[in-house]
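Asks: Let me begin by handing over the structure; questions about it come next.
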Amino acid sequence: MLATIGTILVFILKLIGIILLSILGLIIFVLLVILFVPFRYQAEGSFDEKIHIKVRFSWLLHLINGYFVQQDKESQVRVRIAFFQIFPKKPSKKKETVHTTSLPKAPVVKEQAAQAPEKKVVEKPSADIEIKEKEEQKKVIQKKVEAKKVEPKKVEPKKNELKKNKPKKTKKEKAEKAEKAEDKPSAIDQIKEVWEFLQQDNNKGLLKHVLKYVGRLIRWIFPKKAYGNIEFGLDDPATTGYITGATSLIYIKTRGNFQFTPNFHEQVIKGSFKIKGRLYLYQPLYYIIRIIIDRRVRRMLKFLRNR
């Protein structure tokens, strides 16, 4: 008997353990999918006299997808999860129900000769009944007139009167407020304090550490592939030349995929572009953790909190 109870308990414990492990495994699988399945996006467009932009995005193997279209001043957005449209919601088509009351049909009597309709005799009401009806109508009219009487409006105090009725601040309160305003350091003083904190031996390299991972976060946002051709021209040819020199850096960074064509004869800006990229969510999470776990960052946050 005890052996059978023991085997049953062991079986129940094993079953509970399997269920808990399966739930834990499912949670880990979902987290891995969210972190390591990329969010894909692509956009293309052109701009001249009119602007045309089309953006498509998808996530979790197109389980979540949608698009955004901008055609001059008109725009359109759609977001779907699997086969269900989330935004914009489809209008529900409700069938209009018409209530019809079926009247009983009069029995059809077949006769050889149609009989003439009988005339109904309407009795005239007596004089006493007419007098009573008039008196009731007068009472109803009097009740309506009494109900329409409006109560006198409450006179609200004016703004000037409200200001006068406010309690005036005492000299002590004014002095305390002035002291608090004087105690607060200015923006320049605050920047100087932060800079002095960064120059300490324990905190050297903090700014470089933070900017390093912030730069990686910005690089994470940028698309992996980008193509474009932009023609631009300004009123002043010299300014157009300066901008051409600045855009040459973008040409080198994008390996010639983004081309800028200057126009020295007329004022114009037009072109087309196409970008494509994917974002992994584990990357920004990793960068944020690397920033926070540094002792110097925690020391900096504590310094800013205690100021």
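We name chains A, B, ... following the order of the structure tokens; residues begin at 1 in each chain, and ligands are numbered from 1 as shown.
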List as a PyMOL selection string the protein and nucleic acid residues near Thr247 of chain A, meaning an atom at most 7 Å away when only C-alpha atoms are counted, but skip any in the same chain fewer than 4 places from it.
Replies: chain A and resi 243+251+260
Asks: One decimal, Å: what's the distance from atom CA of Tyr227 of chain A over to atom CA of Phe47 of chain A, could you say?
Replies: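 It comes out at 14.4 Å.
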Asks: Any idea what's packed within 7 Å of segment 76-87 of chain A, counting only C-alpha atoms, ignoring anything in its chain fewer than 3 positions away? Could you give it as a list of chain:residue names?
Replies: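 Counting only the stated atoms, we get A:Leu63, A:Ile64, A:Asn65, A:Gly66, A:Tyr67, A:Phe68, A:Val69, A:Gln70.
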Asks: Using only C-alpha atoms, find each residue in segment 180-258 of chain A having at least one atom no more than 6 Å away from segment 266-284 of chain A; report its shortest atom-to-atom pair and that distance in Å (one decimal), rows by chain then rising number, as JSON lines.
Replies:
```
{"residue": "A:Pro223", "atom": "CA", "partner": "A:Gly277", "partner_atom": "CA", "distance": 4.5}
{"residue": "A:Lys224", "atom": "CA", "partner": "A:Gly277", "partner_atom": "CA", "distance": 4.9}
{"residue": "A:Lys225", "atom": "CA", "partner": "A:Lys276", "partner_atom": "CA", "distance": 5.2}
{"residue": "A:Ala226", "atom": "CA", "partner": "A:Ile275", "partner_atom": "CA", "distance": 4.3}
{"residue": "A:Tyr227", "atom": "CA", "partner": "A:Lys274", "partner_atom": "CA", "distance": 5.1}
{"residue": "A:Gly228", "atom": "CA", "partner": "A:Phe273", "partner_atom": "CA", "distance": 4.0}
{"residue": "A:Asn229", "atom": "CA", "partner": "A:Gly271", "partner_atom": "CA", "distance": 5.4}
{"residue": "A:Ile230", "atom": "CA", "partner": "A:Gly271", "partner_atom": "CA", "distance": 4.2}
{"residue": "A:Glu231", "atom": "CA", "partner": "A:Lys270", "partner_atom": "CA", "distance": 5.4}
{"residue": "A:Phe232", "atom": "CA", "partner": "A:Ile269", "partner_atom": "CA", "distance": 4.3}
{"residue": "A:Gly233", "atom": "CA", "partner": "A:Gln267", "partner_atom": "CA", "distance": 4.7}
{"residue": "A:Leu234", "atom": "CA", "partner": "A:Gln267", "partner_atom": "CA", "distance": 4.6}
{"residue": "A:Asp235", "atom": "CA", "partner": "A:Gln267", "partner_atom": "CA", "distance": 5.7}
```
Asks: So how far away is atom CA of Lys50 of chain A from atom CA of Thr261 of chain A, in Å?
Replies: 19.5 Å
Asks: For atom CA of Ala43 of chain A and atom CA of Asp72 of chain A, determine how far apart the two atoms are, in Å to one decimal place.
Replies: 15.9 Å
Asks: Calculated over only C-alpha atoms, which of the candidates A:Gly256, A:Tyr41, A:Pro88, A:Asp189 has the smallest distance to Ile221 of chain A?
Replies: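 Nearest to Ile221 of chain A: A:Tyr41.
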Asks: Out of segment 168-285 of chain A, which residues get strand (DSSP E or B) from DSSP, as a list in words?
Replies: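 Of segment 168-285 of chain A, only Lys225, Ala226, Tyr227, Gly228, Asn229, Ile230, Glu231, Phe232, Gly233, Phe258, Gln259, Phe260, Thr261, Pro262, Val268, Ile269, Lys270, Gly271, Ser272, Phe273, Lys274, Ile275, Lys276, Gly277, Arg278 and Leu279 of chain A fall in strand (DSSP E or B).
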Asks: How about saving the chosen residues, C-alpha atoms kept, as a CSV table (one decimal), in the first residue's frame?
Replies:
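And here is the file that came out, result_18.csv:
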```csv
chain,number,residue,atom,x,y,z
A,225,LYS,CA,21.8,49.3,-47.3
A,226,ALA,CA,21.1,52.8,-48.7
A,227,TYR,CA,20.9,54.1,-52.2
A,228,GLY,CA,20.0,57.5,-53.4
A,229,ASN,CA,20.5,60.2,-56.0
A,230,ILE,CA,19.9,63.8,-55.0
A,231,GLU,CA,20.2,66.9,-57.2
A,232,PHE,CA,20.4,70.2,-55.4
A,233,GLY,CA,21.1,73.8,-56.3
A,258,PHE,CA,24.5,58.0,-52.2
A,259,GLN,CA,25.2,60.5,-55.0
A,260,PHE,CA,24.8,64.2,-54.8
A,261,THR,CA,24.6,66.2,-58.0
A,262,PRO,CA,25.1,70.0,-57.7
A,268,VAL,CA,16.3,73.1,-57.2
A,269,ILE,CA,16.1,70.0,-55.0
A,270,LYS,CA,14.9,66.7,-56.2
A,271,GLY,CA,15.9,63.1,-56.0
A,272,SER,CA,15.0,59.5,-55.0
A,273,PHE,CA,16.2,57.1,-52.3
A,274,LYS,CA,15.9,53.5,-51.2
A,275,ILE,CA,17.0,52.1,-47.9
A,276,LYS,CA,16.8,48.6,-46.4
A,277,GLY,CA,17.8,47.3,-42.9
A,278,ARG,CA,17.1,45.0,-40.0
A,279,LEU,CA,17.3,45.6,-36.3
```
Asks: Could you check which of A:Ile19, A:Ala246, A:Ile291, A:Leu2 is closest to Leu211 of chain A, using only C-alpha atoms?
Replies: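 Closest to Leu211 of chain A of all the choices is A:Ile291.
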Asks: Would you kindly return, as a count of residues only, each protein, DNA or RNA residue with an atom no farther than 12 Å from any atom of Tyr287 of chain A, considering only C-alpha atoms and excluding same-chain residues fewer than 4 positions away?
Replies: 19
